[in-house]
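upload-v5.csv follows; it contains CSV, C-alpha atoms.
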chain,number,residue,atom,x,y,z
A,1,MET,CA,-18.8,6.9,2.0
A,2,ALA,CA,-20.8,10.0,1.3
A,3,LEU,CA,-19.4,13.4,0.5
A,4,ASN,CA,-21.1,16.8,0.9
A,5,GLY,CA,-24.6,15.4,0.6
A,6,SER,CA,-23.7,13.4,-2.6
A,7,PRO,CA,-25.0,9.8,-2.9
A,8,SER,CA,-22.9,7.4,-1.0
A,9,GLY,CA,-21.1,4.4,-2.5
A,10,LEU,CA,-18.0,2.3,-2.3
A,11,SER,CA,-14.6,4.2,-2.3
A,12,VAL,CA,-11.9,2.9,-4.6
A,13,MET,CA,-8.6,2.4,-2.7
A,14,SER,CA,-6.6,1.4,-5.8
A,15,ALA,CA,-7.0,-0.1,-9.3
A,16,THR,CA,-5.0,-3.1,-10.3
A,17,PRO,CA,-2.1,-1.9,-12.4
A,18,GLY,CA,-2.7,-2.8,-16.0
A,19,GLY,CA,-6.2,-4.0,-15.3
A,20,PRO,CA,-9.5,-2.9,-16.9
A,21,ALA,CA,-10.4,-0.4,-14.2
A,22,GLU,CA,-7.0,1.4,-14.4
A,23,ASN,CA,-7.1,1.4,-18.2
A,24,SER,CA,-10.5,3.0,-18.1
A,25,GLY,CA,-9.2,5.8,-15.9
A,26,ILE,CA,-10.7,4.8,-12.5
A,27,LEU,CA,-8.5,6.4,-9.8
A,28,PRO,CA,-8.0,6.0,-6.0
A,29,GLY,CA,-10.7,8.1,-4.3
A,30,ASP,CA,-13.3,7.6,-7.0
A,31,VAL,CA,-16.6,6.3,-5.7
A,32,ILE,CA,-18.6,3.4,-7.3
A,33,LEU,CA,-22.2,4.5,-7.1
A,34,ALA,CA,-23.8,1.5,-8.9
A,35,ILE,CA,-22.8,-1.9,-10.2
A,36,ASP,CA,-24.9,-3.2,-13.1
A,37,ASN,CA,-27.5,-0.5,-12.3
A,38,ARG,CA,-27.8,-1.6,-8.7
A,39,SER,CA,-27.0,1.2,-6.2
A,40,THR,CA,-24.0,0.5,-3.8
A,41,GLU,CA,-25.4,2.8,-1.1
A,42,ASP,CA,-26.4,-0.1,1.1
A,43,MET,CA,-24.1,-2.7,-0.5
A,44,ASP,CA,-21.5,-4.3,1.7
A,45,ILE,CA,-17.9,-5.0,0.5
A,46,TYR,CA,-18.5,-8.8,0.0
A,47,ASP,CA,-21.6,-8.3,-2.2
A,48,ALA,CA,-19.7,-5.7,-4.2
A,49,ALA,CA,-16.8,-8.1,-4.8
A,50,GLN,CA,-19.0,-10.8,-5.9
A,51,ARG,CA,-20.8,-8.5,-8.4
A,52,LEU,CA,-17.5,-7.1,-9.8
A,53,GLN,CA,-16.0,-10.6,-10.4
A,54,GLY,CA,-17.1,-12.8,-13.3
A,55,PRO,CA,-16.0,-14.9,-16.3
A,56,GLU,CA,-13.2,-13.5,-18.4
A,57,GLY,CA,-14.5,-11.5,-21.3
A,58,SER,CA,-17.8,-10.7,-19.7
A,59,SER,CA,-18.7,-7.1,-18.9
A,60,VAL,CA,-19.8,-5.1,-15.8
A,61,ASP,CA,-21.4,-1.7,-15.9
A,62,LEU,CA,-20.3,0.9,-13.3
A,63,ASP,CA,-21.5,4.4,-12.3
A,64,ILE,CA,-18.4,6.2,-11.1
A,65,ARG,CA,-18.1,9.6,-9.3
A,66,SER,CA,-14.8,11.3,-9.8
A,67,GLY,CA,-14.8,14.5,-7.8
A,68,SER,CA,-17.9,16.4,-8.8
A,69,ASN,CA,-18.3,14.5,-12.1
A,70,THR,CA,-20.3,11.2,-12.6
A,71,ARG,CA,-19.8,8.9,-15.5
A,72,HIS,CA,-20.9,5.5,-16.8
A,73,VAL,CA,-18.1,2.9,-17.4
A,74,VAL,CA,-18.4,-0.5,-19.0
A,75,LEU,CA,-15.5,-2.8,-18.0
A,76,LYS,CA,-14.6,-6.0,-19.8
A,77,ARG,CA,-13.4,-8.5,-17.3
A,78,GLN,CA,-9.9,-10.0,-17.9
A,79,THR,CA,-7.3,-12.0,-16.1
A,80,VAL,CA,-4.4,-9.8,-15.0
A,81,THR,CA,-0.9,-11.1,-14.5
A,82,LEU,CA,0.3,-8.8,-11.8
A,83,ASN,CA,4.0,-8.0,-11.2
A,84,PRO,CA,3.7,-6.3,-7.8
A,85,VAL,CA,7.0,-4.4,-8.0
A,86,ARG,CA,8.3,-1.6,-10.3
A,87,SER,CA,11.8,-0.1,-9.6
A,88,ARG,CA,14.3,2.2,-11.0
A,89,MET,CA,17.5,4.1,-10.1
A,90,CYS,CA,17.4,7.8,-9.6
A,91,GLU,CA,20.7,9.7,-10.0
A,92,ILE,CA,20.7,13.1,-8.2
A,93,PRO,CA,23.3,15.7,-9.3
A,94,GLY,CA,25.3,17.3,-6.6
A,95,ALA,CA,24.2,14.8,-3.8
A,96,LYS,CA,27.1,13.2,-2.0
A,97,ASP,CA,26.2,10.2,0.2
A,98,ASN,CA,22.9,9.5,-1.6
A,99,SER,CA,23.6,10.4,-5.2
A,100,LYS,CA,22.0,7.2,-6.3
A,101,VAL,CA,18.6,6.4,-4.9
A,102,GLY,CA,16.7,3.1,-5.5
A,103,TYR,CA,13.0,3.6,-5.9
A,104,ILE,CA,10.8,0.5,-5.4
A,105,LYS,CA,7.0,0.7,-6.0
A,106,LEU,CA,5.1,-2.1,-4.3
A,107,THR,CA,1.5,-2.3,-5.6
A,108,THR,CA,0.2,-5.3,-3.8
A,109,PHE,CA,1.1,-8.2,-1.5
A,110,ASN,CA,0.6,-11.2,-3.7
A,111,GLN,CA,2.5,-14.5,-3.6
A,112,ASN,CA,5.4,-13.0,-5.6
A,113,ALA,CA,5.8,-9.8,-3.6
A,114,ALA,CA,8.7,-10.7,-1.3
A,115,GLY,CA,10.7,-12.4,-4.0
A,116,SER,CA,10.1,-9.4,-6.4
A,117,VAL,CA,11.3,-6.9,-3.8
A,118,LYS,CA,14.5,-9.0,-3.3
A,119,GLU,CA,15.1,-9.1,-7.0
A,120,ALA,CA,14.6,-5.3,-7.3
A,121,LEU,CA,17.1,-4.8,-4.4
A,122,GLN,CA,19.7,-7.0,-6.1
A,123,LYS,CA,19.4,-5.2,-9.4
A,124,LEU,CA,19.6,-1.8,-7.8
A,125,ARG,CA,22.7,-2.8,-5.8
A,126,GLU,CA,24.4,-3.9,-9.0
A,127,ASN,CA,24.2,-0.2,-10.0
A,128,ASN,CA,25.9,0.8,-6.7
A,129,VAL,CA,22.7,2.0,-5.1
A,130,LYS,CA,23.0,2.4,-1.3
A,131,SER,CA,19.8,4.1,-0.3
A,132,PHE,CA,16.2,3.2,-1.0
A,133,VAL,CA,12.7,4.5,-1.2
A,134,LEU,CA,9.8,2.0,-0.8
A,135,ASP,CA,6.5,3.4,-2.1
A,136,LEU,CA,3.4,1.9,-0.5
A,137,ARG,CA,1.0,4.6,-1.7
A,138,ASN,CA,-2.4,3.1,-2.9
A,139,ASN,CA,-1.3,-0.4,-1.9
A,140,SER,CA,-4.4,-1.7,-0.3
A,141,GLY,CA,-2.7,-4.9,1.1
A,142,GLY,CA,-3.0,-8.5,0.2
A,143,LEU,CA,-1.4,-11.6,1.7
A,144,PHE,CA,-0.4,-11.1,5.4
A,145,PRO,CA,2.5,-13.5,5.3
A,146,GLU,CA,4.1,-11.6,2.4
A,147,GLY,CA,3.9,-8.4,4.4
A,148,ILE,CA,5.8,-10.1,7.2
A,149,GLU,CA,8.4,-11.5,4.8
A,150,ILE,CA,9.0,-8.1,3.3
A,151,ALA,CA,9.5,-6.5,6.7
A,152,LYS,CA,12.1,-9.2,7.4
A,153,ILE,CA,14.0,-8.1,4.2
A,154,TRP,CA,14.6,-4.7,5.8
A,155,MET,CA,14.9,-5.7,9.5
A,156,ASP,CA,17.3,-8.1,11.2
A,157,LYS,CA,15.6,-7.9,14.6
A,158,GLY,CA,12.6,-6.5,16.4
A,159,VAL,CA,8.9,-7.0,16.6
A,160,ILE,CA,7.0,-6.6,13.2
A,161,VAL,CA,3.4,-6.8,14.5
A,162,TYR,CA,1.3,-8.0,17.5
A,163,ILE,CA,-2.0,-9.8,16.9
A,164,CYS,CA,-4.3,-9.0,19.9
A,165,ASP,CA,-7.7,-10.2,20.9
A,166,SER,CA,-9.9,-9.5,23.9
A,167,GLN,CA,-7.4,-11.4,26.2
A,168,GLY,CA,-4.4,-9.3,25.1
A,169,VAL,CA,-1.5,-10.3,22.8
A,170,ARG,CA,-2.2,-13.6,21.0
A,171,ASP,CA,0.7,-13.8,18.5
A,172,ILE,CA,4.0,-11.9,18.0
A,173,TYR,CA,5.7,-11.8,14.6
A,174,GLU,CA,9.4,-10.8,14.8
A,175,ALA,CA,12.4,-10.4,12.5
A,176,ASP,CA,15.0,-13.1,13.0
A,177,GLY,CA,17.8,-12.0,10.6
A,178,ILE,CA,17.5,-15.1,8.4
A,179,SER,CA,15.7,-13.4,5.5
A,180,THR,CA,17.4,-10.0,5.9
A,181,VAL,CA,18.8,-8.4,2.8
A,182,ALA,CA,19.0,-4.7,3.6
A,183,ALA,CA,19.0,-4.0,7.3
A,184,SER,CA,21.3,-0.9,7.4
A,185,GLU,CA,20.9,1.1,4.2
A,186,PRO,CA,19.0,4.4,4.5
A,187,LEU,CA,15.3,3.8,3.8
A,188,VAL,CA,12.3,6.1,3.2
A,189,VAL,CA,8.7,4.7,3.0
A,190,LEU,CA,5.9,6.7,1.2
A,191,VAL,CA,2.3,6.2,2.4
A,192,ASN,CA,-1.1,7.8,1.8
A,193,LYS,CA,-4.7,7.2,2.7
A,194,GLY,CA,-4.8,4.3,0.1
A,195,THR,CA,-2.1,2.5,2.1
A,196,ALA,CA,-4.0,-0.3,4.0
A,197,SER,CA,-3.9,-3.6,5.8
A,198,ALA,CA,-0.6,-5.4,5.1
A,199,SER,CA,0.9,-2.2,3.9
A,200,GLU,CA,0.2,-0.5,7.2
A,201,ILE,CA,1.7,-3.5,9.1
A,202,LEU,CA,4.9,-3.1,7.1
A,203,ALA,CA,5.0,0.7,7.4
A,204,GLY,CA,4.2,0.6,11.2
A,205,ALA,CA,7.0,-2.0,11.7
A,206,LEU,CA,9.6,0.1,9.9
A,207,LYS,CA,8.6,3.2,11.7
A,208,ASP,CA,8.4,1.9,15.2
A,209,ASN,CA,11.7,0.1,14.9
A,210,LYS,CA,13.2,3.3,13.5
A,211,ARG,CA,14.3,1.5,10.4
A,212,ALA,CA,12.8,4.0,8.0
A,213,VAL,CA,11.5,7.6,7.8
A,214,ILE,CA,7.8,7.6,6.8
A,215,TYR,CA,6.6,10.4,4.4
A,216,GLY,CA,3.1,11.1,3.3
A,217,GLU,CA,-0.3,11.3,5.0
A,218,PRO,CA,-2.0,9.1,7.6
A,219,THR,CA,-2.8,5.6,6.2
A,220,TYR,CA,-6.3,4.1,5.8
A,221,GLY,CA,-6.6,2.4,9.2
A,222,LYS,CA,-7.5,-1.2,8.5
A,223,GLY,CA,-6.4,-3.1,11.6
A,224,LYS,CA,-9.2,-5.6,12.2
A,225,ILE,CA,-9.0,-9.4,11.6
A,226,GLN,CA,-12.5,-10.7,10.7
A,227,SER,CA,-14.1,-14.1,10.1
A,228,VAL,CA,-17.2,-14.4,8.0
A,229,PHE,CA,-19.9,-16.8,9.1
A,230,ALA,CA,-22.6,-18.0,6.7
A,231,LEU,CA,-26.2,-17.7,7.9
A,232,SER,CA,-29.1,-19.9,7.0
A,233,ASP,CA,-30.7,-17.3,4.7
A,234,GLY,CA,-27.6,-17.1,2.6
A,235,SER,CA,-26.2,-13.9,4.1
A,236,GLY,CA,-23.0,-13.7,6.1
A,237,LEU,CA,-21.9,-12.2,9.4
A,238,ALA,CA,-18.5,-10.6,9.7
A,239,VAL,CA,-17.2,-10.9,13.2
A,240,THR,CA,-14.0,-9.2,14.4
A,241,VAL,CA,-11.8,-11.8,16.1
A,242,ALA,CA,-8.6,-9.9,16.6
A,243,ARG,CA,-6.7,-6.7,15.7
A,244,TYR,CA,-3.2,-5.7,14.6
A,245,GLU,CA,-1.0,-3.5,16.8
A,246,THR,CA,2.3,-2.0,15.7
A,247,PRO,CA,5.5,-2.7,17.7
A,248,ALA,CA,4.8,0.4,19.8
A,249,HIS,CA,1.3,-1.1,20.5
A,250,THR,CA,-0.5,1.4,18.3
A,251,ASP,CA,-3.9,0.1,17.3
A,252,ILE,CA,-4.0,0.6,13.5
A,253,ASP,CA,-7.7,0.4,13.0
A,254,LYS,CA,-9.4,3.7,12.0
A,255,VAL,CA,-6.3,5.6,12.9
A,256,GLY,CA,-3.6,4.3,10.5
A,257,VAL,CA,0.1,4.9,10.6
A,258,ILE,CA,1.0,8.5,11.1
A,259,PRO,CA,4.0,9.6,8.9
A,260,ASP,CA,7.0,11.4,10.2
A,261,ARG,CA,6.9,14.0,7.5
A,262,PRO,CA,4.4,15.2,4.9
A,263,LEU,CA,4.9,15.0,1.1
A,264,PRO,CA,4.3,18.0,-1.2
A,265,ALA,CA,0.7,18.1,-2.4
A,266,SER,CA,1.9,17.8,-6.0
A,267,PHE,CA,4.2,14.8,-5.4
A,268,PRO,CA,3.8,12.2,-8.2
A,269,THR,CA,2.9,8.6,-7.8
A,270,ASP,CA,5.0,7.1,-10.6
A,271,GLU,CA,8.7,6.3,-10.7
A,272,ASP,CA,9.7,8.8,-13.4
A,273,GLY,CA,7.9,11.7,-11.7
A,274,PHE,CA,9.6,10.7,-8.4
A,275,CYS,CA,13.0,10.9,-9.9
A,276,SER,CA,12.2,14.3,-11.6
A,277,CYS,CA,11.2,15.7,-8.2
A,278,LEU,CA,14.4,14.7,-6.6
A,279,ARG,CA,16.5,16.1,-9.4
A,280,ASP,CA,14.8,19.5,-9.8
A,281,SER,CA,15.5,21.6,-6.8
A,282,ASN,CA,13.2,24.3,-8.1
A,283,SER,CA,10.2,22.0,-8.5
A,284,ALA,CA,7.2,22.4,-6.2
A,285,CYS,CA,7.4,18.7,-5.5
A,286,ASN,CA,11.1,18.7,-4.7
A,287,LEU,CA,12.4,16.8,-1.6
A,288,ASN,CA,15.8,17.9,-0.4
A,289,ALA,CA,17.9,14.8,-1.3
A,290,ALA,CA,20.5,15.7,1.4
A,291,GLN,CA,17.8,15.6,4.1
A,292,LEU,CA,15.6,12.9,2.6
A,293,PHE,CA,16.8,10.1,4.9
A,294,THR,CA,17.4,12.2,8.0
A,295,ARG,CA,15.1,11.4,10.9
Do you think you could lay out the structure here as structure tokens?
Amino acid sequence: MALNGSPSGLSVMSATPGGPAENSGILPGDVILAIDNRSTEDMDIYDAAQRLQGPEGSSVDLDIRSGSNTRHVVLKRQTVTLNPVRSRMCEIPGAKDNSKVGYIKLTTFNQNAAGSVKEALQKLRENNVKSFVLDLRNNSGGLFPEGIEIAKIWMDKGVIVYICDSQGVRDIYEADGISTVAASEPLVVLVNKGTASASEILAGALKDNKRAVIYGEPTYGKGKIQSVFALSDGSGLAVTVARYETPAHTDIDKVGVIPDRPLPASFPTDEDGFCSCLRDSNSACNLNAAQLFTR
């Protein structure tokens, strides 16, 4: 991407929680201008990924643009054990039906994602939580099957996603009720421009099936399924072979999922800040708890 005539580069969707990039202060929306002194202006995503990865303990040099500021960052590569879910209970004074709200932050769709969401739900229910907020902001996706399984946790019936190619609908993924844990409790989903891929599939399924109210801003719009073919000179060719469509047959690609309601501009991205905004009715980021789950 290029902004206002500035040098173009690779936009950061999200930094792995607890990883070296996050610990160095790299944020969603920052732009990687160079990797090990090589400009990213004409670098594709696959080349960038290969250059960013390396042996544990080795270093990679990055030039980062944050807003109007540019800085040089040296990251030490490390193995990150990622817990994809953070959760907590928010008690809201004066609220009647939804005085206890369960907040679940899902950061990625790894192999532990669906199981971790179920565990978080169980713990919150033990505290008599009966309404939930699922935060998918800055979740850039991950394993497609985990996105499907998490949709099934919240839905007992309905289409989750269509996979379509040039001939039309190729595959249909649906909720069957077998894996359902919370099909009826009030649910809000938070999204932003960093919500991509499997996150968009989940948000689109919950929106189109009227299972959740979506808050935030339009999501990233990554709806293509691509295969990469190796060429004889060592390069690769990415070919689009199919696309994702939401249950309402909305093509996600380059459009994203459109939320039902916006979030205040100052709305925080962490669980403590979320609870503070719900509690403080005078805060600029406050959401009316009584109307939060109302469509």
Excluding stretch 261-263 of chain A and its own-chain neighbours fewer than 3 positions away, which residues fall within 12 Å of it when counting all atoms listed in the file? Please give them as a PDB file with C-alpha atoms, in the coordinates of the input.
ATOM      1  CA  ARG A 137       1.000   4.600  -1.700  1.00  0.00           C
ATOM      2  CA  VAL A 188      12.300   6.100   3.200  1.00  0.00           C
ATOM      3  CA  VAL A 189       8.700   4.700   3.000  1.00  0.00           C
ATOM      4  CA  LEU A 190       5.900   6.700   1.200  1.00  0.00           C
ATOM      5  CA  VAL A 191       2.300   6.200   2.400  1.00  0.00           C
ATOM      6  CA  ASN A 192      -1.100   7.800   1.800  1.00  0.00           C
ATOM      7  CA  LYS A 207       8.600   3.200  11.700  1.00  0.00           C
ATOM      8  CA  ALA A 212      12.800   4.000   8.000  1.00  0.00           C
ATOM      9  CA  VAL A 213      11.500   7.600   7.800  1.00  0.00           C
ATOM     10  CA  ILE A 214       7.800   7.600   6.800  1.00  0.00           C
ATOM     11  CA  TYR A 215       6.600  10.400   4.400  1.00  0.00           C
ATOM     12  CA  GLY A 216       3.100  11.100   3.300  1.00  0.00           C
ATOM     13  CA  GLU A 217      -0.300  11.300   5.000  1.00  0.00           C
ATOM     14  CA  PRO A 218      -2.000   9.100   7.600  1.00  0.00           C
ATOM     15  CA  VAL A 257       0.100   4.900  10.600  1.00  0.00           C
ATOM     16  CA  ILE A 258       1.000   8.500  11.100  1.00  0.00           C
ATOM     17  CA  SER A 266       1.900  17.800  -6.000  1.00  0.00           C
ATOM     18  CA  PHE A 267       4.200  14.800  -5.400  1.00  0.00           C
ATOM     19  CA  PRO A 268       3.800  12.200  -8.200  1.00  0.00           C
ATOM     20  CA  THR A 269       2.900   8.600  -7.800  1.00  0.00           C
ATOM     21  CA  PHE A 274       9.600  10.700  -8.400  1.00  0.00           C
ATOM     22  CA  CYS A 277      11.200  15.700  -8.200  1.00  0.00           C
ATOM     23  CA  ALA A 284       7.200  22.400  -6.200  1.00  0.00           C
ATOM     24  CA  CYS A 285       7.400  18.700  -5.500  1.00  0.00           C
ATOM     25  CA  ASN A 286      11.100  18.700  -4.700  1.00  0.00           C
ATOM     26  CA  LEU A 287      12.400  16.800  -1.600  1.00  0.00           C
ATOM     27  CA  ASN A 288      15.800  17.900  -0.400  1.00  0.00           C
ATOM     28  CA  GLN A 291      17.800  15.600   4.100  1.00  0.00           C
ATOM     29  CA  LEU A 292      15.600  12.900   2.600  1.00  0.00           C
ATOM     30  CA  PHE A 293      16.800  10.100   4.900  1.00  0.00           C
ATOM     31  CA  THR A 294      17.400  12.200   8.000  1.00  0.00           C
ATOM     32  CA  ARG A 295      15.100  11.400  10.900  1.00  0.00           C
TER      33      ARG A 295
END
### Message
Between atom CA of A:Glu245 and atom CA of A:Gly29, what distance in Å does the model show, to one decimal?
### Response
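Between atom CA of A:Glu245 and atom CA of A:Gly29 the gap is 26.0 Å.
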### Query
Using only C-alpha atoms, which of A:Asn127, A:Thr250, A:Thr240, A:Ser166 sits nearest A:Gly204?
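The shortest atom-to-atom distance to A:Gly204 comes from A:Thr250.
One finds atom CA of A:Leu75 at 11.2 Å from atom CA of A:Gly54.
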### Among the residues A:Leu136, A:Ala242, A:Leu124, A:Ile201, the one that comes closest to A:Ala182 [using all atoms listed in the file]
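When distances to A:Ala182 are compared using all atoms listed in the file, the smallest one comes from A:Leu124.
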